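Source file: my_file_27.csv (CSV, C-alpha atoms and all ligand atoms)
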chain,number,residue,atom,x,y,z
A,1062,MET,CA,119.8,50.2,113.9
A,1063,THR,CA,123.3,50.0,115.3
A,1064,GLY,CA,124.5,52.2,118.2
A,1065,ARG,CA,126.8,54.1,115.8
A,1066,THR,CA,123.8,55.1,113.7
A,1067,HIS,CA,121.7,56.0,116.7
A,1068,ASP,CA,124.6,58.3,118.0
A,1069,LEU,CA,124.7,60.1,114.7
A,1070,ALA,CA,120.9,60.3,114.4
A,1071,ALA,CA,120.6,61.8,117.8
A,1072,PHE,CA,123.3,64.4,117.0
A,1073,THR,CA,121.6,65.1,113.7
A,1074,ALA,CA,118.2,65.7,115.4
A,1075,LEU,CA,119.9,68.0,117.9
A,1076,ASN,CA,121.5,69.9,115.1
A,1077,ILE,CA,118.2,70.3,113.3
A,1078,VAL,CA,116.5,71.6,116.4
A,1079,PHE,CA,119.5,73.9,117.2
A,1080,VAL,CA,119.2,75.5,113.8
A,1081,THR,CA,115.5,75.8,113.6
A,1082,HIS,CA,114.9,76.8,117.3
A,1083,PRO,CA,118.0,78.8,118.3
A,1084,PRO,CA,118.5,78.1,122.0
A,1085,PRO,CA,119.2,80.8,124.7
A,1086,GLN,CA,122.7,81.6,125.8
A,1087,MET,CA,124.2,78.7,127.8
A,1088,THR,CA,127.5,77.9,129.5
A,1089,ILE,CA,130.1,75.8,127.9
A,1090,ALA,CA,129.5,73.2,130.6
A,1091,THR,CA,125.9,73.0,129.5
A,1092,VAL,CA,126.9,72.6,125.8
A,1093,ILE,CA,129.2,69.7,126.7
A,1094,ALA,CA,126.6,68.1,129.0
A,1095,ALA,CA,123.9,68.5,126.4
A,1096,LEU,CA,126.0,66.7,123.8
A,1097,GLY,CA,126.6,63.8,126.2
A,1098,ALA,CA,122.9,63.8,127.3
A,1099,ASN,CA,121.8,63.8,123.6
A,1100,MET,CA,124.0,60.7,123.0
A,1101,ILE,CA,122.6,58.9,126.0
A,1102,GLY,CA,119.1,59.8,125.0
A,1103,GLY,CA,119.8,58.3,121.5
A,1104,LEU,CA,120.8,55.0,123.1
A,1105,LEU,CA,118.3,55.0,126.0
A,1106,PRO,CA,115.4,53.2,124.3
A,1107,ASP,CA,117.6,50.1,124.0
A,1108,ILE,CA,117.9,49.7,127.7
A,1109,ASP,CA,115.6,46.8,127.2
A,1110,ASN,CA,118.3,45.1,125.1
A,1111,ALA,CA,120.9,43.5,127.3
A,1112,THR,CA,123.4,43.4,124.4
A,1113,ALA,CA,122.8,47.0,123.3
A,1114,ASP,CA,125.7,49.5,123.0
A,1115,ILE,CA,124.4,51.6,125.9
A,1116,TRP,CA,125.4,48.8,128.3
A,1117,ASP,CA,128.9,48.7,127.0
A,1118,LYS,CA,129.3,52.4,128.0
A,1119,VAL,CA,128.9,51.7,131.7
A,1120,ARG,CA,131.0,49.4,133.8
A,1121,GLY,CA,129.2,46.2,134.7
A,1122,GLY,CA,126.6,47.3,132.2
A,1123,ARG,CA,126.0,44.0,130.6
A,1124,VAL,CA,125.1,42.5,134.0
A,1125,ILE,CA,122.7,45.3,134.8
A,1126,GLY,CA,121.3,45.0,131.3
A,1127,HIS,CA,120.5,41.3,131.8
A,1128,LEU,CA,118.9,42.1,135.2
A,1129,ILE,CA,116.8,45.0,133.8
A,1130,GLN,CA,115.6,43.2,130.6
A,1131,PRO,CA,113.1,40.9,132.2
A,1132,LEU,CA,111.6,43.9,134.1
A,1133,ILE,CA,110.9,45.9,130.9
A,1134,GLY,CA,109.9,43.0,128.7
A,1135,SER,CA,111.4,41.8,125.5
A,1136,HIS,CA,113.5,44.0,123.2
A,1137,ARG,CA,111.7,46.8,121.5
A,1138,MET,CA,108.6,46.9,123.6
A,1139,ILE,CA,107.6,49.6,126.1
A,1140,SER,CA,110.8,51.7,125.7
A,1141,HIS,CA,110.1,52.1,122.0
A,1142,SER,CA,106.6,53.6,122.5
A,1143,ILE,CA,105.0,56.9,123.3
A,1144,PHE,CA,104.0,55.4,126.7
A,1145,GLY,CA,107.7,54.6,127.5
A,1146,LEU,CA,108.8,58.0,126.3
A,1147,ALA,CA,106.3,59.7,128.6
A,1148,ILE,CA,107.4,57.6,131.6
A,1149,ILE,CA,111.2,58.2,131.0
A,1150,GLY,CA,110.5,61.9,130.4
A,1151,TYR,CA,108.6,62.1,133.6
A,1152,LEU,CA,111.2,60.4,135.7
A,1153,LEU,CA,114.0,62.4,134.1
A,1154,LYS,CA,112.3,65.8,134.6
A,1155,ASN,CA,111.0,65.3,138.1
A,1156,ILE,CA,113.4,62.9,139.8
A,1157,ILE,CA,116.7,62.1,138.0
A,1158,LEU,CA,117.7,65.5,136.6
A,1159,PRO,CA,116.8,67.5,139.7
A,1160,VAL,CA,119.0,65.1,141.7
A,1161,ILE,CA,121.9,65.4,139.2
A,1162,GLY,CA,121.3,69.2,139.2
A,1163,THR,CA,122.3,69.4,142.9
A,1164,VAL,CA,125.8,68.3,142.1
A,1165,ILE,CA,126.4,69.5,138.5
A,1166,LEU,CA,125.7,73.1,137.6
A,1167,VAL,CA,124.3,73.0,134.1
A,1168,ASP,CA,121.0,74.2,132.6
A,1169,MET,CA,118.8,71.1,133.3
A,1170,ASN,CA,116.1,72.3,130.9
A,1171,ILE,CA,118.5,72.2,128.0
A,1172,ILE,CA,119.9,68.8,129.2
A,1173,PHE,CA,116.3,67.5,129.3
A,1174,ASP,CA,115.6,68.7,125.8
A,1175,ALA,CA,118.8,67.2,124.5
A,1176,LEU,CA,118.0,63.8,126.1
A,1177,MET,CA,114.4,63.8,124.7
A,1178,ILE,CA,115.6,64.8,121.2
A,1179,GLY,CA,118.0,61.9,121.3
A,1180,TYR,CA,115.3,59.5,122.5
A,1181,ILE,CA,112.8,60.6,119.9
A,1182,SER,CA,115.4,60.3,117.1
A,1183,HIS,CA,116.0,56.7,118.2
A,1184,LEU,CA,112.3,55.9,117.7
A,1185,VAL,CA,112.2,57.6,114.4
A,1186,VAL,CA,115.3,55.7,113.1
A,1187,ASP,CA,114.1,52.4,114.4
A,1188,SER,CA,110.8,52.8,112.6
A,1189,PHE,CA,112.7,52.5,109.3
A,1190,THR,CA,113.8,49.0,110.2
A,1191,THR,CA,112.0,45.8,109.2
A,1192,GLN,CA,110.8,45.1,112.8
A,1193,GLY,CA,109.2,48.5,113.2
A,1194,ILE,CA,108.4,49.8,116.7
A,1195,PRO,CA,105.4,49.3,119.0
A,1196,LEU,CA,104.7,53.0,119.1
A,1197,PHE,CA,101.3,52.7,120.6
A,1198,PHE,CA,102.2,50.1,123.2
A,1199,PRO,CA,100.3,48.3,124.9
A,1200,ILE,CA,98.2,48.2,121.6
A,1201,PRO,CA,100.1,45.3,119.9
A,1202,VAL,CA,100.6,47.0,116.6
A,1203,ARG,CA,104.1,47.6,115.1
A,1204,ILE,CA,104.5,50.9,113.2
A,1205,GLY,CA,107.1,51.4,110.5
A,1206,PHE,CA,108.0,53.6,107.5
A,1207,PRO,CA,107.3,52.9,104.8
A,1208,PRO,CA,104.3,50.8,105.9
A,1209,ASN,CA,105.3,47.9,103.7
A,1210,LYS,CA,108.0,46.2,105.8
A,1211,HIS,CA,109.7,44.7,102.9
A,1212,LEU,CA,110.8,48.1,101.8
A,1213,ARG,CA,112.4,48.9,105.2
A,1214,ILE,CA,115.9,48.5,106.4
A,1215,LYS,CA,117.7,45.6,108.1
A,1216,THR,CA,119.7,46.6,111.3
A,1217,GLY,CA,123.4,46.6,110.5
A,1218,GLY,CA,122.7,45.8,106.9
A,1219,LEU,CA,124.2,47.3,103.7
A,1220,LEU,CA,121.5,50.0,103.4
A,1221,GLU,CA,122.2,51.3,106.9
A,1222,LYS,CA,125.9,51.6,106.0
A,1223,ILE,CA,125.6,53.0,102.5
A,1224,LEU,CA,122.4,55.1,102.8
A,1225,ILE,CA,121.3,55.9,106.3
A,1226,PHE,CA,124.7,56.7,107.9
A,1227,PRO,CA,126.1,58.7,105.0
A,1228,GLY,CA,122.7,60.4,104.6
A,1229,LEU,CA,122.9,61.6,108.2
A,1230,LEU,CA,126.4,62.8,107.7
A,1231,PHE,CA,125.2,64.7,104.7
A,1232,ILE,CA,122.4,66.4,106.6
A,1233,ASN,CA,124.9,67.6,109.2
A,1234,GLY,CA,127.2,68.9,106.5
A,1235,TYR,CA,124.4,70.6,104.8
A,1236,LEU,CA,123.1,72.3,108.0
A,1237,ILE,CA,126.6,73.6,108.9
A,1238,TYR,CA,127.2,74.8,105.4
A,1239,THR,CA,123.9,76.6,105.0
A,1240,ASN,CA,123.9,78.1,108.6
A,1241,TYR,CA,127.6,78.7,108.9
A,1242,GLN,CA,127.3,82.2,110.4
A,1243,PHE,CA,124.8,81.0,113.0
A,1244,TYR,CA,127.3,78.4,114.3
A,1245,GLU,CA,130.1,80.9,114.2
A,1246,ILE,CA,128.1,83.4,116.3
A,1247,PHE,CA,127.2,80.7,118.8
A,1248,LEU,CA,130.8,79.4,119.1
A,1249,ARG,CA,132.3,82.9,119.2
A,1250,SER,CA,130.2,83.9,122.2
A,1251,TYR,CA,132.4,81.4,124.2
A,1252,LEU,CA,135.7,82.9,123.1
A,1253,LYS,CA,135.1,86.4,124.5
B,1301,ZN,ZN,116.0,50.5,119.4
Show the structure stored in the file as structure tokens.
Amino acid sequence: MTGRTHDLAAFTALNIVFVTHPPPQMTIATVIAALGANMIGGLLPDIDNATADIWDKVRGGRVIGHLIQPLIGSHRMISHSIFGLAIIGYLLKNIILPVIGTVILVDMNIIFDALMIGYISHLVVDSFTTQGIPLFFPIPVRIGFPPNKHLRIKTGGLLEKILIFPGLLFINGYLIYTNYQFYEIFLRSYLK
């Protein structure tokens, strides 16, 4: 899927978790950082793709992308698996976020959750594409939904534009509409 779809899918997943598992009180800085972390998480699995959107978001990113790609293997390999998710999750929780936490004062548990929600949403969305994902890497089997790959979606194709993207927008609209008061209470706590 395209970066735009992954951005929206990550946000949608965060929104679903937000409504179904109401989070504890958090600072406005944490809210903003969590939204950013969620977007990064949603693009992170494509670090193995030198031309992916995530590399456009950092200066010199394309160069770094081309350097990193040979280390991780070809596109849609380890980073699109449970194994890759576990490694990234471990590094974030134990090394990367604690270091960032010494300079930025936000709730790192919430940032971690937002990142992981984004990451998992990416794998879910990619599993709807023709190529599927190597979910159980290094076992060389590609997983996809529906199992018949001819029924799946082509990245950047018409179905992604007219079905997936609007579908995700609809889910967000529906969540906000049906849980309006919940969002209102959450937002109002920052206006006191
Ligand atoms: Zn991907």
Could you give me, as a list in words, the residues within 8 Å of range 1086-1100 of chain A, counting all atoms listed in the file and dropping anything in the same chain fewer than 6 positions from it?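 So the residues in contact are Asp1068, Ala1071, Phe1072, Leu1075, Leu1166, Val1167, Asp1168, Ile1171, Ile1172, Phe1173, Ala1175, Leu1176, Met1177, Ile1178, Gly1179, Tyr1180 and Tyr1251 of chain A.
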Have a look at CA of Pro1083 in chain A and CA of Ile1237 in chain A and let me know their distance in Å, one decimal.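 Between CA of Pro1083 in chain A and CA of Ile1237 in chain A the gap is 13.8 Å.
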Distance in Å - CA of Leu1196 in chain A versus CA of Ile1143 in chain A: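 It comes out at 5.7 Å.
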How would you write, as a PyMOL selection string, the set of residues no farther than 12 Å from ligand ZN 1301 (chain B) when counting all atoms listed in the file? chain A and resi 1062-1068+1102-1115+1135-1142+1179-1196+1216
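You will find CA of Leu1224 in chain A at 21.1 Å from CA of Ile1204 in chain A.
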Distance query Leu1230 in chain A at most 9 Å, all atoms listed in the file, self and fewer than 4 positions along chain excluded, as a PyMOL selection string: chain A and resi 1069+1073+1225-1226+1234-1235
Using all atoms listed in the file, which residues sit within 12 Å of range 1243-1245 of chain A once same-chain residues fewer than 6 positions away are excluded, as a list in words?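 Everything that qualifies: Asn1076, Phe1079, Val1080, Thr1081, His1082, Pro1083, Pro1084, Leu1236, Ile1237, Tyr1251 and Leu1252 of chain A.
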